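For reference, upload.txt (compact mmCIF, C-alpha atoms and all ligand atoms):
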```txt
# COMPACT_ATOMS: atom_id res chain seq x y z
CA MET P 17 -43.00 7.40 6.00
CA THR P 18 -42.78 3.64 5.59
CA ARG P 19 -39.93 1.54 6.84
CA GLY P 20 -39.00 0.70 3.24
CA ALA P 21 -38.68 4.36 2.23
CA THR P 22 -36.48 5.07 5.23
CA ALA P 23 -34.18 2.22 4.30
CA LEU P 24 -33.94 3.50 0.73
CA ILE P 25 -32.97 7.00 1.86
CA LEU P 26 -30.40 5.63 4.30
CA GLY P 27 -28.97 3.49 1.53
CA SER P 28 -28.59 6.52 -0.74
CA LEU P 29 -26.87 8.51 2.00
CA LEU P 30 -24.44 5.67 2.63
CA LEU P 31 -23.60 5.42 -1.06
CA ALA P 32 -22.94 9.15 -1.29
CA GLY P 33 -20.90 9.10 1.89
CA CYS P 34 -18.64 6.35 0.64
CA GLY P 35 -18.20 7.90 -2.78
CA GLY P 36 -19.77 4.76 -4.22
CA ASP P 37 -22.01 6.64 -6.63
CA PRO P 38 -20.65 6.39 -10.16
CA ARG P 39 -19.61 9.85 -11.23
CA GLY P 40 -20.98 11.43 -14.35
CA PHE P 41 -19.02 12.89 -17.23
CA GLY P 42 -16.96 15.81 -15.99
CA ALA P 43 -13.67 17.38 -15.03
CA SER P 44 -12.81 19.05 -11.74
CA GLY P 45 -9.99 20.56 -9.76
CA ALA P 46 -7.87 21.68 -12.72
CA TRP P 47 -4.63 23.31 -11.56
CA ALA P 48 -1.19 24.09 -12.89
CA ARG P 49 2.07 24.74 -11.11
CA PRO P 50 3.60 28.24 -11.36
CA THR P 51 6.61 28.26 -13.68
CA PRO P 52 10.00 29.99 -13.41
CA ALA P 53 10.56 32.88 -15.83
CA ALA P 54 12.80 30.81 -18.10
CA ALA P 55 10.58 27.71 -18.21
CA THR P 56 9.24 26.67 -21.61
CA ASN P 57 6.87 23.97 -20.35
CA GLY P 58 4.06 23.87 -17.82
CA VAL P 59 2.06 21.03 -16.30
CA VAL P 60 -1.69 20.78 -15.66
CA TYR P 61 -3.40 18.33 -13.30
CA LEU P 62 -7.12 17.55 -12.85
CA GLU P 63 -9.66 14.82 -12.20
CA LEU P 64 -11.77 13.28 -14.95
CA SER P 65 -14.83 11.09 -14.63
CA SER P 66 -17.13 9.52 -17.16
CA ASP P 67 -20.45 7.69 -17.10
CA THR P 68 -19.36 5.54 -20.04
CA ARG P 69 -16.04 4.13 -21.17
CA ASP P 70 -14.17 6.94 -22.92
CA ALA P 71 -10.70 8.38 -23.40
CA LEU P 72 -9.17 11.82 -23.27
CA ILE P 73 -7.44 12.29 -26.62
CA GLU P 74 -6.66 15.99 -26.94
CA VAL P 75 -6.27 19.17 -24.92
CA ASP P 76 -6.37 22.65 -26.41
CA VAL P 77 -5.25 25.86 -24.74
CA PRO P 78 -5.26 29.42 -26.15
CA ALA P 79 -2.13 30.46 -28.09
CA GLY P 80 -1.62 33.12 -25.43
CA VAL P 81 -0.97 30.33 -22.92
CA ALA P 82 1.11 27.77 -24.85
CA ALA P 83 1.78 26.60 -28.41
CA HIS P 84 0.13 23.27 -27.71
CA ALA P 85 -0.68 20.72 -25.04
CA GLU P 86 0.32 17.06 -24.83
CA LEU P 87 -0.87 14.11 -22.75
CA HIS P 88 1.93 12.60 -20.69
CA THR P 89 2.26 9.88 -18.10
CA SER P 90 5.05 8.54 -15.95
CA ASP P 91 7.33 6.10 -17.73
CA ALA P 92 7.62 3.01 -15.56
CA ALA P 93 10.23 1.49 -17.86
CA GLY P 94 12.30 4.64 -17.58
CA SER P 95 13.27 4.61 -21.23
CA GLY P 96 12.50 6.81 -24.17
CA GLY P 97 10.97 9.54 -22.09
CA HIS P 98 11.83 13.12 -21.36
CA GLU P 99 12.64 14.47 -17.96
CA HIS P 100 10.81 17.14 -16.05
CA GLY P 101 13.22 19.03 -13.88
CA ALA P 102 11.67 22.47 -13.79
CA VAL P 103 8.12 21.64 -12.80
CA GLY P 104 8.78 20.14 -9.40
CA SER P 105 11.50 19.33 -6.95
CA ASP P 106 11.99 15.86 -8.37
CA THR P 107 13.14 14.88 -11.82
CA VAL P 108 10.76 12.31 -13.22
CA THR P 109 10.86 10.55 -16.55
CA MET P 110 7.68 11.02 -18.56
CA VAL P 111 6.40 9.84 -21.92
CA GLN P 112 3.81 11.26 -24.27
CA VAL P 113 0.70 9.13 -24.75
CA THR P 114 -2.00 9.39 -27.42
CA GLN P 115 -4.88 8.94 -24.99
CA VAL P 116 -5.81 8.42 -21.36
CA ASP P 117 -8.57 5.84 -20.87
CA ILE P 118 -11.45 6.27 -18.44
CA GLU P 119 -13.57 3.28 -17.45
CA ALA P 120 -17.35 3.71 -17.10
CA GLY P 121 -18.18 5.30 -13.76
CA ALA P 122 -14.52 5.71 -12.88
CA VAL P 123 -12.41 8.70 -11.88
CA VAL P 124 -8.98 9.23 -13.43
CA GLU P 125 -6.60 11.46 -11.52
CA PHE P 126 -3.94 13.55 -13.20
CA ARG P 127 -1.45 14.36 -10.47
CA PRO P 128 2.26 14.84 -9.83
CA GLY P 129 4.19 11.68 -10.64
CA GLY P 130 1.48 10.28 -12.92
CA ASN P 131 -0.75 11.46 -15.74
CA HIS P 132 -0.42 15.12 -16.62
CA ILE P 133 -1.21 17.56 -19.37
CA MET P 134 1.96 19.21 -20.58
CA LEU P 135 1.87 22.74 -21.91
CA VAL P 136 4.58 23.04 -24.56
CA ASP P 137 6.24 26.34 -25.46
CA LEU P 138 4.60 28.59 -22.90
CA ALA P 139 3.75 32.04 -24.23
CA ARG P 140 4.56 33.48 -20.80
CA PRO P 141 5.22 32.14 -17.31
CA LEU P 142 2.31 30.70 -15.32
CA VAL P 143 1.85 33.04 -12.37
CA LEU P 144 0.34 32.06 -9.02
CA GLY P 145 -3.37 32.93 -8.96
CA ASP P 146 -3.76 33.16 -12.73
CA THR P 147 -6.48 31.18 -14.50
CA PHE P 148 -6.72 30.09 -18.11
CA PRO P 149 -9.18 27.98 -20.12
CA ALA P 150 -8.55 24.54 -21.60
CA THR P 151 -10.76 22.40 -23.82
CA LEU P 152 -10.64 18.63 -23.36
CA SER P 153 -11.62 16.39 -26.30
CA PHE P 154 -12.68 12.76 -25.85
CA ALA P 155 -12.77 9.70 -28.11
CA SER P 156 -16.58 9.76 -27.90
CA GLY P 157 -16.62 13.19 -29.54
CA ARG P 158 -17.60 14.92 -26.31
CA THR P 159 -15.69 17.96 -25.08
CA LEU P 160 -15.28 19.67 -21.73
CA ASP P 161 -14.23 23.25 -21.05
CA VAL P 162 -12.32 23.71 -17.83
CA SER P 163 -10.74 26.65 -16.03
CA VAL P 164 -7.21 25.95 -14.82
CA THR P 165 -5.97 27.76 -11.71
CA VAL P 166 -2.26 28.33 -11.22
CA SER P 167 -1.48 27.12 -7.71
CA ASP P 168 1.21 25.46 -5.61
CA ASN P 169 -1.19 22.75 -4.50
CA PRO P 170 -4.28 20.89 -5.73
CA PRO P 171 -7.56 22.74 -4.96
CA GLY P 172 -9.51 21.58 -1.92
CU CU C 1 5.44 15.61 -19.42
```

Hey, can you dump this file as structure tokens for me?
Amino acid sequence: MTRGATALILGSLLLAGCGGDPRGFGASGAWARPTPAAATNGVVYLELSSDTRDALIEVDVPAGVAAHAELHTSDAAGSGGHEHGAVGSDTVTMVQVTQVDIEAGAVVEFRPGGNHIMLVDLARPLVLGDTFPATLSFASGRTLDVSVTVSDNPPG
């Protein structure tokens, strides 16, 4: 093996180790908090990445899970939003958004206190350990099917 090849391999390992490799188009780590019996809304979190600039514009879940799903984010201005009291210990003001942008090669995290997918009019409570499918639609026309796990904490 030549010195040049060795340097190339080392360089690749370093990139991977630092997470410097641009991530491809995908979704990972989808989870939802369990909901109390009386709750009408649920919240889904995940990580999105895209090789090109894109935007998440719609989320669909089966009717057996919820009537529909909305994209929400935290409302820094604190006005015009709704409050989530049942989904966590804290009450946070949130607003609905029409899309969540993803820069090329970037990762966008949906997590408590920030972006989230809101399940509206749950058909039944989300029970710890359950899984359900969701389809993510993007501005580019691409879609992703993910499996959401009901959990108290993010996976991993
Ligand atoms: Cu919300």

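Atom CA of Ala55 of chain P lies 14.8 Å from atom CA of His84 of chain P.
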
| In terms of the shortest atom-to-atom distance over only C-alpha atoms and all ligand atoms, which of P:Val123, P:Val116, P:Val111, P:Leu152 is closest to ligand CU 1 (chain C)? | P:Val111

| message | Can you pull out every residue with an atom within 6 Å of ligand CU 1 (chain C)? Use only C-alpha atoms and all ligand atoms and format it as a VMD selection string. | response | chain P and resid 88 110 134

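Compared by their closest atoms to Arg49 of chain P, and using all atoms listed in the file, the residues P:Ser153, P:Ser90, P:Ser167, P:Glu63 rank with P:Ser167 nearest.
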
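Here atom CA of Val59 of chain P is placed at a distance of 11.6 Å from atom CA of Pro141 of chain P.
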
| request: Identify the residues around (3.3, 27.2, -9.3) within a radius of 9 Å, measuring from only C-alpha atoms in the coordinates stated by the file, and give them as a PyMOL selection string. | output: chain P and resi 48-52+103-104+142-145+166-169

Keeping only C-alpha atoms, write those residues as a compact mmCIF listing (two decimals), keeping the file's coordinate frame.
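Done, and the output landed in selection14.txt:
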```txt
# COMPACT_ATOMS: atom_id res chain seq x y z
CA ALA P 48 -1.19 24.09 -12.89
CA ARG P 49 2.07 24.74 -11.11
CA PRO P 50 3.60 28.24 -11.36
CA THR P 51 6.61 28.26 -13.68
CA PRO P 52 10.00 29.99 -13.41
CA VAL P 103 8.12 21.64 -12.80
CA GLY P 104 8.78 20.14 -9.40
CA LEU P 142 2.31 30.70 -15.32
CA VAL P 143 1.85 33.04 -12.37
CA LEU P 144 0.34 32.06 -9.02
CA GLY P 145 -3.37 32.93 -8.96
CA VAL P 166 -2.26 28.33 -11.22
CA SER P 167 -1.48 27.12 -7.71
CA ASP P 168 1.21 25.46 -5.61
CA ASN P 169 -1.19 22.75 -4.50
```

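Taking all atoms listed in the file into account, Thr56 of chain P lies nearest to P:Val81 out of the set P:Val81, P:Ala155, P:Phe148, P:Thr109.
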
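Taking all atoms listed in the file, the non-local environment of Val124 of chain P within 8 Å (same-chain residues fewer than 5 positions away omitted) comprises Glu63, Leu64, Ser65 and Ile118 of chain P.
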